[in-house]
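For reference, structure.cif is printed below; it contains mmCIF, C-alpha atoms.
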data_run
#
loop_
_atom_site.label_atom_id
_atom_site.label_comp_id
_atom_site.auth_asym_id
_atom_site.auth_seq_id
_atom_site.Cartn_x
_atom_site.Cartn_y
_atom_site.Cartn_z
CA MET A 911 -101.70 85.65 -53.11
CA LYS A 912 -100.18 82.46 -54.48
CA THR A 913 -102.34 79.37 -53.97
CA ALA A 914 -100.71 76.41 -52.24
CA PRO A 915 -100.26 73.48 -54.62
CA THR A 916 -102.05 70.18 -54.05
CA ALA A 917 -100.58 66.72 -54.20
CA ALA A 918 -100.76 64.64 -57.35
CA GLN A 919 -103.84 62.47 -57.42
CA ALA A 920 -102.23 59.28 -58.79
CA PRO A 921 -102.63 56.58 -56.12
CA THR A 922 -99.46 55.04 -54.69
CA PRO A 923 -98.93 52.89 -51.58
CA ASP A 924 -98.09 56.02 -49.57
CA THR A 925 -100.95 58.12 -50.92
CA VAL A 926 -103.54 59.24 -48.42
CA THR A 927 -106.90 60.02 -49.99
CA PHE A 928 -109.58 62.27 -48.60
CA ALA A 929 -113.31 61.73 -48.92
CA THR A 930 -115.47 64.13 -50.89
CA ARG A 931 -117.59 66.29 -48.59
CA ARG A 932 -121.17 65.16 -49.20
CA SER A 933 -123.20 66.11 -46.14
CA ILE A 934 -122.98 67.82 -42.78
CA GLU A 935 -123.71 64.51 -41.08
CA GLN A 936 -120.80 62.84 -42.93
CA VAL A 937 -118.41 65.68 -42.02
CA GLU A 938 -119.49 66.15 -38.38
CA GLU A 939 -120.46 62.62 -37.34
CA GLY A 940 -118.93 60.30 -39.92
CA ALA A 941 -115.72 58.28 -39.94
CA GLU A 942 -114.40 59.65 -43.26
CA LEU A 943 -111.62 62.21 -43.34
CA ALA A 944 -112.95 64.98 -45.59
CA PRO A 945 -110.87 68.07 -44.77
CA ARG A 946 -111.99 71.52 -45.86
CA PHE A 947 -109.11 73.59 -47.19
CA ASP A 948 -109.56 77.38 -47.42
CA ALA A 949 -109.53 79.48 -50.60
CA ASN A 950 -105.71 79.32 -50.61
CA GLY A 951 -105.71 75.53 -50.33
CA LEU A 952 -104.70 75.55 -46.65
CA ILE A 953 -105.98 74.10 -43.38
CA THR A 954 -104.96 75.49 -39.96
CA CYS A 955 -102.89 73.22 -37.71
CA VAL A 956 -102.36 73.69 -33.97
CA THR A 957 -99.36 71.74 -32.70
CA THR A 958 -98.90 70.85 -29.03
CA GLU A 959 -96.35 68.87 -27.07
CA ALA A 960 -97.76 65.41 -26.45
CA ASP A 961 -96.43 65.08 -22.89
CA THR A 962 -97.37 68.50 -21.50
CA GLY A 963 -100.11 69.83 -23.79
CA GLU A 964 -98.14 73.07 -24.25
CA VAL A 965 -98.91 74.85 -27.52
CA LEU A 966 -95.75 74.76 -29.63
CA MET A 967 -96.90 76.41 -32.83
CA LEU A 968 -99.66 77.29 -35.21
CA GLY A 969 -99.07 76.33 -38.81
CA TYR A 970 -100.83 75.58 -42.05
CA MET A 971 -101.00 72.49 -44.23
CA ASN A 972 -101.90 72.13 -47.85
CA GLU A 973 -103.26 68.84 -49.14
CA GLU A 974 -99.80 67.40 -49.73
CA ALA A 975 -98.53 68.39 -46.25
CA LEU A 976 -101.55 66.77 -44.59
CA GLN A 977 -101.13 63.62 -46.68
CA LYS A 978 -97.39 63.40 -45.93
CA THR A 979 -97.98 63.96 -42.21
CA ILE A 980 -100.49 61.11 -42.14
CA ALA A 981 -98.34 58.81 -44.28
CA THR A 982 -95.00 59.41 -42.50
CA GLY A 983 -96.01 60.18 -38.92
CA GLU A 984 -93.82 63.30 -39.02
CA ALA A 985 -95.18 66.85 -39.24
CA HIS A 986 -95.18 68.57 -42.62
CA TYR A 987 -96.52 72.08 -43.17
CA TRP A 988 -96.99 74.60 -45.96
CA SER A 989 -94.76 77.60 -45.35
CA ARG A 990 -96.75 80.67 -46.33
CA SER A 991 -93.69 82.92 -46.08
CA ARG A 992 -91.42 80.72 -48.22
CA GLU A 993 -94.26 79.21 -50.29
CA VAL A 994 -92.86 75.67 -50.03
CA LEU A 995 -93.73 72.35 -48.46
CA TRP A 996 -91.86 72.15 -45.16
CA HIS A 997 -90.87 68.97 -43.30
CA LYS A 998 -90.52 70.31 -39.75
CA GLY A 999 -87.00 69.60 -38.53
CA ALA A 1000 -85.49 68.67 -41.91
CA THR A 1001 -82.91 71.45 -41.52
CA SER A 1002 -82.69 71.79 -37.73
CA GLY A 1003 -83.03 68.14 -36.75
CA LEU A 1004 -85.97 69.11 -34.50
CA VAL A 1005 -88.37 66.71 -36.23
CA GLN A 1006 -91.91 66.60 -34.85
CA ARG A 1007 -93.05 62.97 -34.50
CA VAL A 1008 -96.85 62.78 -34.46
CA VAL A 1009 -98.16 61.00 -31.38
CA GLU A 1010 -101.80 61.79 -32.18
CA MET A 1011 -103.65 63.74 -34.85
CA ARG A 1012 -107.16 65.10 -34.49
CA ILE A 1013 -109.47 67.00 -36.79
CA ASP A 1014 -112.13 69.44 -35.54
CA ASP A 1015 -115.90 69.11 -35.88
CA ASP A 1016 -116.25 70.63 -39.35
CA GLN A 1017 -112.87 69.30 -40.51
CA ASP A 1018 -111.25 72.66 -41.23
CA ALA A 1019 -108.56 72.56 -38.51
CA VAL A 1020 -106.04 69.94 -37.43
CA TRP A 1021 -104.49 69.37 -34.00
CA LEU A 1022 -101.18 67.56 -33.80
CA LYS A 1023 -99.81 66.19 -30.53
CA VAL A 1024 -96.09 65.71 -31.13
CA SER A 1025 -92.82 64.78 -29.54
CA VAL A 1026 -89.90 66.87 -30.76
CA ALA A 1027 -86.44 65.46 -31.41
CA GLY A 1028 -83.22 67.02 -30.15
CA SER A 1029 -83.58 69.94 -27.76
CA GLY A 1030 -87.37 69.79 -28.02
CA ALA A 1031 -87.57 73.31 -29.44
CA SER A 1032 -90.14 74.08 -32.12
CA CYS A 1033 -89.51 77.76 -32.74
CA HIS A 1034 -87.07 78.98 -35.41
CA VAL A 1035 -86.08 81.77 -32.98
CA GLY A 1036 -84.66 79.10 -30.65
CA TYR A 1037 -87.36 78.88 -27.99
CA HIS A 1038 -89.26 75.73 -26.98
CA SER A 1039 -92.60 77.16 -28.17
CA CYS A 1040 -93.39 79.77 -30.79
CA PHE A 1041 -95.61 81.29 -28.08
CA TYR A 1042 -92.73 82.44 -25.86
CA ARG A 1043 -94.26 85.84 -24.96
CA LYS A 1044 -97.54 86.73 -23.36
CA VAL A 1045 -99.74 89.74 -23.99
CA PRO A 1046 -100.84 91.21 -20.65
CA VAL A 1047 -104.60 91.72 -20.46
CA ALA A 1048 -106.88 93.69 -18.14
CA GLY A 1049 -105.36 94.01 -14.63
CA ASP A 1050 -102.07 92.41 -15.70
CA ARG A 1051 -101.24 95.42 -17.90
CA THR A 1052 -98.92 96.94 -15.29
CA HIS A 1053 -96.28 97.71 -17.94
CA GLY A 1054 -98.65 98.99 -20.60
CA ASP A 1055 -98.54 97.23 -23.94
CA LYS A 1056 -95.14 95.54 -23.51
CA LEU A 1057 -94.97 91.83 -24.18
CA VAL A 1058 -93.76 89.63 -21.30
CA PHE A 1059 -91.30 86.81 -22.00
CA VAL A 1060 -92.48 83.55 -20.45
CA GLU A 1061 -89.49 81.66 -21.84
CA ARG A 1062 -86.21 83.30 -20.92
CA GLU A 1063 -83.71 80.83 -22.33
CA LYS A 1064 -83.39 79.68 -25.91
CA ARG A 1065 -82.89 75.97 -26.44
CA PHE A 1066 -80.60 76.47 -29.42
CA ASP A 1067 -78.73 79.19 -31.28
CA PRO A 1068 -80.62 79.88 -34.55
CA VAL A 1069 -77.46 81.12 -36.32
CA ALA A 1070 -75.62 77.90 -35.45
CA VAL A 1071 -78.55 75.79 -36.70
CA TYR A 1072 -79.75 77.74 -39.75
CA GLY A 1073 -76.61 79.65 -40.73
CA ASP A 1074 -77.33 82.27 -43.35
CA ALA A 1075 -80.71 80.82 -44.41
CA PRO A 1076 -83.28 83.59 -44.84
CA ASN A 1077 -85.45 84.31 -41.81
CA PRO A 1078 -89.05 83.20 -42.54
CA THR A 1079 -90.56 86.13 -40.60
CA LYS A 1080 -91.99 88.75 -42.95
CA LEU A 1081 -92.44 92.44 -42.07
#
What is this structure when it is put down as structure tokens?
Amino acid sequence: MKTAPTAAQAPTPDTVTFATRRSIEQVEEGAELAPRFDANGLITCVTTEADTGEVLMLGYMNEEALQKTIATGEAHYWSRSREVLWHKGATSGLVQRVVEMRIDDDQDAVWLKVSVAGSGASCHVGYHSCFYRKVPVAGDRTHGDKLVFVEREKRFDPVAVYGDAPNPTKL
């Protein structure tokens, strides 16, 4: 697996620096941002709509994406399928403006609360949320293992927005 690249370390006015992880107390109770990236150089990011709290997507950030998100106030991710830095909405116009960013207790996951430009959709398939289907569990499994669409209408036509760009979904 290809490792996600990190940002250059030369300080500039827009550079966001992270603290070195020195102790559990510093990481869990301190005021320094000291994110823990996984073996592939990534940190998990849950993104929700600021107004409703609805989960829009789950993504990943490398060091550069996290720094750019903090510096610009717009969501940037690392695309694992395309292996590139991805400014959400750069192609579609559905830019995610960060209203609030949080980091979890051991600083290995990020939560973005965002407002989305345009139609408000965050899913490349055209739906509002990437979580547009539910998996029935226990007593709700009346139709077996079939997924149930909770969003019925797309907010945009992916072909009209992305044209012939390759689909990021991998089989």
TODO: For the structure shown, which residues end up in the PyMOL selection byres ((chain A and resi 973) around 12)? Put them as a ChimeraX atom specification, please?
DONE: /A:913-919,925-928,944-948,950-954,970-972,974-980,986-988,995,1018
Residues matched by the PyMOL selection byres ((chain A and resi 1037) around 9) as a PDB file with C-alpha atoms, in the coordinates of the input:
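In the end it all went to out.pdb:
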ATOM      1  CA  ALA A1031     -87.570  73.310 -29.440  1.00  0.00           C
ATOM      2  CA  SER A1032     -90.140  74.080 -32.120  1.00  0.00           C
ATOM      3  CA  CYS A1033     -89.510  77.760 -32.740  1.00  0.00           C
ATOM      4  CA  HIS A1034     -87.070  78.980 -35.410  1.00  0.00           C
ATOM      5  CA  VAL A1035     -86.080  81.770 -32.980  1.00  0.00           C
ATOM      6  CA  GLY A1036     -84.660  79.100 -30.650  1.00  0.00           C
ATOM      7  CA  HIS A1038     -89.260  75.730 -26.980  1.00  0.00           C
ATOM      8  CA  SER A1039     -92.600  77.160 -28.170  1.00  0.00           C
ATOM      9  CA  CYS A1040     -93.390  79.770 -30.790  1.00  0.00           C
ATOM     10  CA  PHE A1041     -95.610  81.290 -28.080  1.00  0.00           C
ATOM     11  CA  TYR A1042     -92.730  82.440 -25.860  1.00  0.00           C
ATOM     12  CA  GLU A1061     -89.490  81.660 -21.840  1.00  0.00           C
ATOM     13  CA  ARG A1062     -86.210  83.300 -20.920  1.00  0.00           C
ATOM     14  CA  GLU A1063     -83.710  80.830 -22.330  1.00  0.00           C
ATOM     15  CA  LYS A1064     -83.390  79.680 -25.910  1.00  0.00           C
ATOM     16  CA  ARG A1065     -82.890  75.970 -26.440  1.00  0.00           C
ATOM     17  CA  PHE A1066     -80.600  76.470 -29.420  1.00  0.00           C
TER      18      PHE A1066
END
Give me the residues within 9 Å of Lys998 of chain A as a PDB file with C-alpha atoms, keeping the file's coordinate frame, counting only C-alpha atoms and dropping any in the same chain fewer than 3 places off.
ATOM      1  CA  GLU A 984     -93.820  63.300 -39.020  1.00  0.00           C
ATOM      2  CA  ALA A 985     -95.180  66.850 -39.240  1.00  0.00           C
ATOM      3  CA  HIS A 986     -95.180  68.570 -42.620  1.00  0.00           C
ATOM      4  CA  TYR A 987     -96.520  72.080 -43.170  1.00  0.00           C
ATOM      5  CA  THR A1001     -82.910  71.450 -41.520  1.00  0.00           C
ATOM      6  CA  SER A1002     -82.690  71.790 -37.730  1.00  0.00           C
ATOM      7  CA  GLY A1003     -83.030  68.140 -36.750  1.00  0.00           C
ATOM      8  CA  LEU A1004     -85.970  69.110 -34.500  1.00  0.00           C
ATOM      9  CA  VAL A1005     -88.370  66.710 -36.230  1.00  0.00           C
ATOM     10  CA  GLN A1006     -91.910  66.600 -34.850  1.00  0.00           C
ATOM     11  CA  SER A1032     -90.140  74.080 -32.120  1.00  0.00           C
TER      12      SER A1032
END
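Closest to Val937 of chain A among A:Asp1055, A:Glu993, A:Asp1067, A:Asp1015 is A:Asp1015, based on all atoms listed in the file.
When all atoms listed in the file are used to measure the gap to Val1026 of chain A, the shortest distance among A:Val1071, A:Leu966, A:Val1045, A:Ile1013 belongs to A:Leu966.
What separates atom CA of Gly983 of chain A from atom CA of Glu1010 of chain A is a distance of 9.0 Å.
Note that the spacing between atom CA of Leu1081 of chain A and atom CA of Phe1059 of chain A amounts to 20.9 Å.
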Counting only C-alpha atoms, give me one row per residue of segment 1020-1039 of chain A with an atom at most 7 Å from an atom of segment 957-963 of chain A, showing the shortest contact pair and its distance in Å to one decimal, sorted by chain then residue number, as a tab-separated table.
residue	atom	partner	partner_atom	distance
A:Trp1021	CA	A:Thr957	CA	5.8
A:Leu1022	CA	A:Thr957	CA	4.7
A:Lys1023	CA	A:Ala960	CA	4.6
A:Val1024	CA	A:Ala960	CA	5.0
A:Ser1025	CA	A:Ala960	CA	5.9
Open item on the list: I'd like the interatomic distance between atom CA of His997 of chain A and atom CA of Ala1027 of chain A, to a tenth of an Å.
Closed with: 13.2 Å
Task: Best match for closeness to Trp996 of chain A among A:Gly1073, A:Gly1054, A:Gly969, A:Pro1046, counting all atoms listed in the file - done: A:Gly969
Task: Of the listed residues A:Leu968, A:Gly1028, A:Gln1017, A:Gly1049, that which approaches Glu939 of chain A most closely, counting all atoms listed in the file - done: A:Gln1017
- [ ] Please write the residues picked by the PyMOL selection byres ((chain A and resi 1057) around 6) on this file as an NGL selection string.
- [x] :A and (1044-1045 or 1056 or 1058)
Could you pull segment 950-962 of chain A out of the block above and save it with all heavy atoms, as a short mmCIF file (atom, residue, chain, number, x, y, z; two decimals), in the first residue's frame?
data_model
loop_
_atom_site.label_atom_id
_atom_site.label_comp_id
_atom_site.auth_asym_id
_atom_site.auth_seq_id
_atom_site.Cartn_x
_atom_site.Cartn_y
_atom_site.Cartn_z
N ASN A 950 -0.11 4.31 7.61
CA ASN A 950 -0.16 4.83 6.24
C ASN A 950 -0.13 6.36 6.20
O ASN A 950 -0.34 6.95 5.14
CB ASN A 950 -1.42 4.32 5.53
CG ASN A 950 -1.38 2.83 5.34
OD1 ASN A 950 -0.38 2.29 4.88
ND2 ASN A 950 -2.44 2.16 5.71
N GLY A 951 0.09 6.98 7.36
CA GLY A 951 0.15 8.43 7.42
C GLY A 951 -1.20 9.11 7.40
O GLY A 951 -1.31 10.28 7.04
N LEU A 952 -2.26 8.38 7.82
CA LEU A 952 -3.62 8.92 7.75
C LEU A 952 -4.27 8.99 9.12
O LEU A 952 -3.94 8.23 10.03
CB LEU A 952 -4.47 8.04 6.83
CG LEU A 952 -3.95 7.88 5.40
CD1 LEU A 952 -4.81 6.88 4.64
CD2 LEU A 952 -3.89 9.21 4.68
N ILE A 953 -5.23 9.91 9.23
CA ILE A 953 -6.08 10.04 10.42
C ILE A 953 -7.53 10.02 9.93
O ILE A 953 -7.85 10.61 8.88
CB ILE A 953 -5.74 11.33 11.21
CG1 ILE A 953 -6.40 11.35 12.58
CG2 ILE A 953 -6.04 12.58 10.43
CD1 ILE A 953 -5.87 12.45 13.51
N THR A 954 -8.40 9.32 10.64
CA THR A 954 -9.82 9.21 10.27
C THR A 954 -10.52 10.54 10.55
O THR A 954 -10.27 11.19 11.56
CB THR A 954 -10.49 8.08 11.07
OG1 THR A 954 -9.77 6.88 10.82
CG2 THR A 954 -11.94 7.90 10.68
N CYS A 955 -11.45 10.90 9.65
CA CYS A 955 -12.22 12.13 9.82
C CYS A 955 -13.70 11.85 9.58
O CYS A 955 -14.09 11.41 8.50
CB CYS A 955 -11.73 13.18 8.83
SG CYS A 955 -12.66 14.73 8.94
N VAL A 956 -14.52 12.11 10.60
CA VAL A 956 -15.97 12.03 10.48
C VAL A 956 -16.45 13.45 10.18
O VAL A 956 -16.06 14.40 10.86
CB VAL A 956 -16.62 11.52 11.78
CG1 VAL A 956 -18.14 11.54 11.69
CG2 VAL A 956 -16.10 10.14 12.13
N THR A 957 -17.29 13.59 9.17
CA THR A 957 -17.79 14.90 8.78
C THR A 957 -19.31 14.93 8.90
O THR A 957 -19.99 14.07 8.33
CB THR A 957 -17.36 15.24 7.33
OG1 THR A 957 -15.94 15.15 7.25
CG2 THR A 957 -17.81 16.63 6.93
N THR A 958 -19.80 15.91 9.66
CA THR A 958 -21.25 16.06 9.85
C THR A 958 -21.69 17.45 9.41
O THR A 958 -20.89 18.39 9.34
CB THR A 958 -21.65 15.86 11.34
OG1 THR A 958 -21.03 16.87 12.14
CG2 THR A 958 -21.26 14.49 11.84
N GLU A 959 -22.98 17.56 9.12
CA GLU A 959 -23.57 18.84 8.79
C GLU A 959 -23.69 19.65 10.07
O GLU A 959 -24.23 19.17 11.07
CB GLU A 959 -24.92 18.64 8.13
CG GLU A 959 -25.50 19.90 7.58
CD GLU A 959 -26.74 19.64 6.74
OE1 GLU A 959 -27.43 18.64 6.97
OE2 GLU A 959 -26.99 20.45 5.86
N ALA A 960 -23.20 20.88 10.05
CA ALA A 960 -23.19 21.70 11.25
C ALA A 960 -24.59 21.98 11.81
O ALA A 960 -24.80 21.94 13.01
CB ALA A 960 -22.47 23.02 10.98
N ASP A 961 -25.55 22.25 10.92
CA ASP A 961 -26.90 22.61 11.37
C ASP A 961 -27.70 21.45 11.94
O ASP A 961 -28.44 21.61 12.89
CB ASP A 961 -27.70 23.25 10.23
CG ASP A 961 -27.18 24.63 9.87
OD1 ASP A 961 -26.49 25.27 10.69
OD2 ASP A 961 -27.45 25.07 8.73
N THR A 962 -27.57 20.26 11.33
CA THR A 962 -28.43 19.14 11.71
C THR A 962 -27.73 18.04 12.48
O THR A 962 -28.37 17.21 13.12
CB THR A 962 -29.06 18.49 10.46
OG1 THR A 962 -28.01 17.89 9.69
CG2 THR A 962 -29.83 19.51 9.64
#
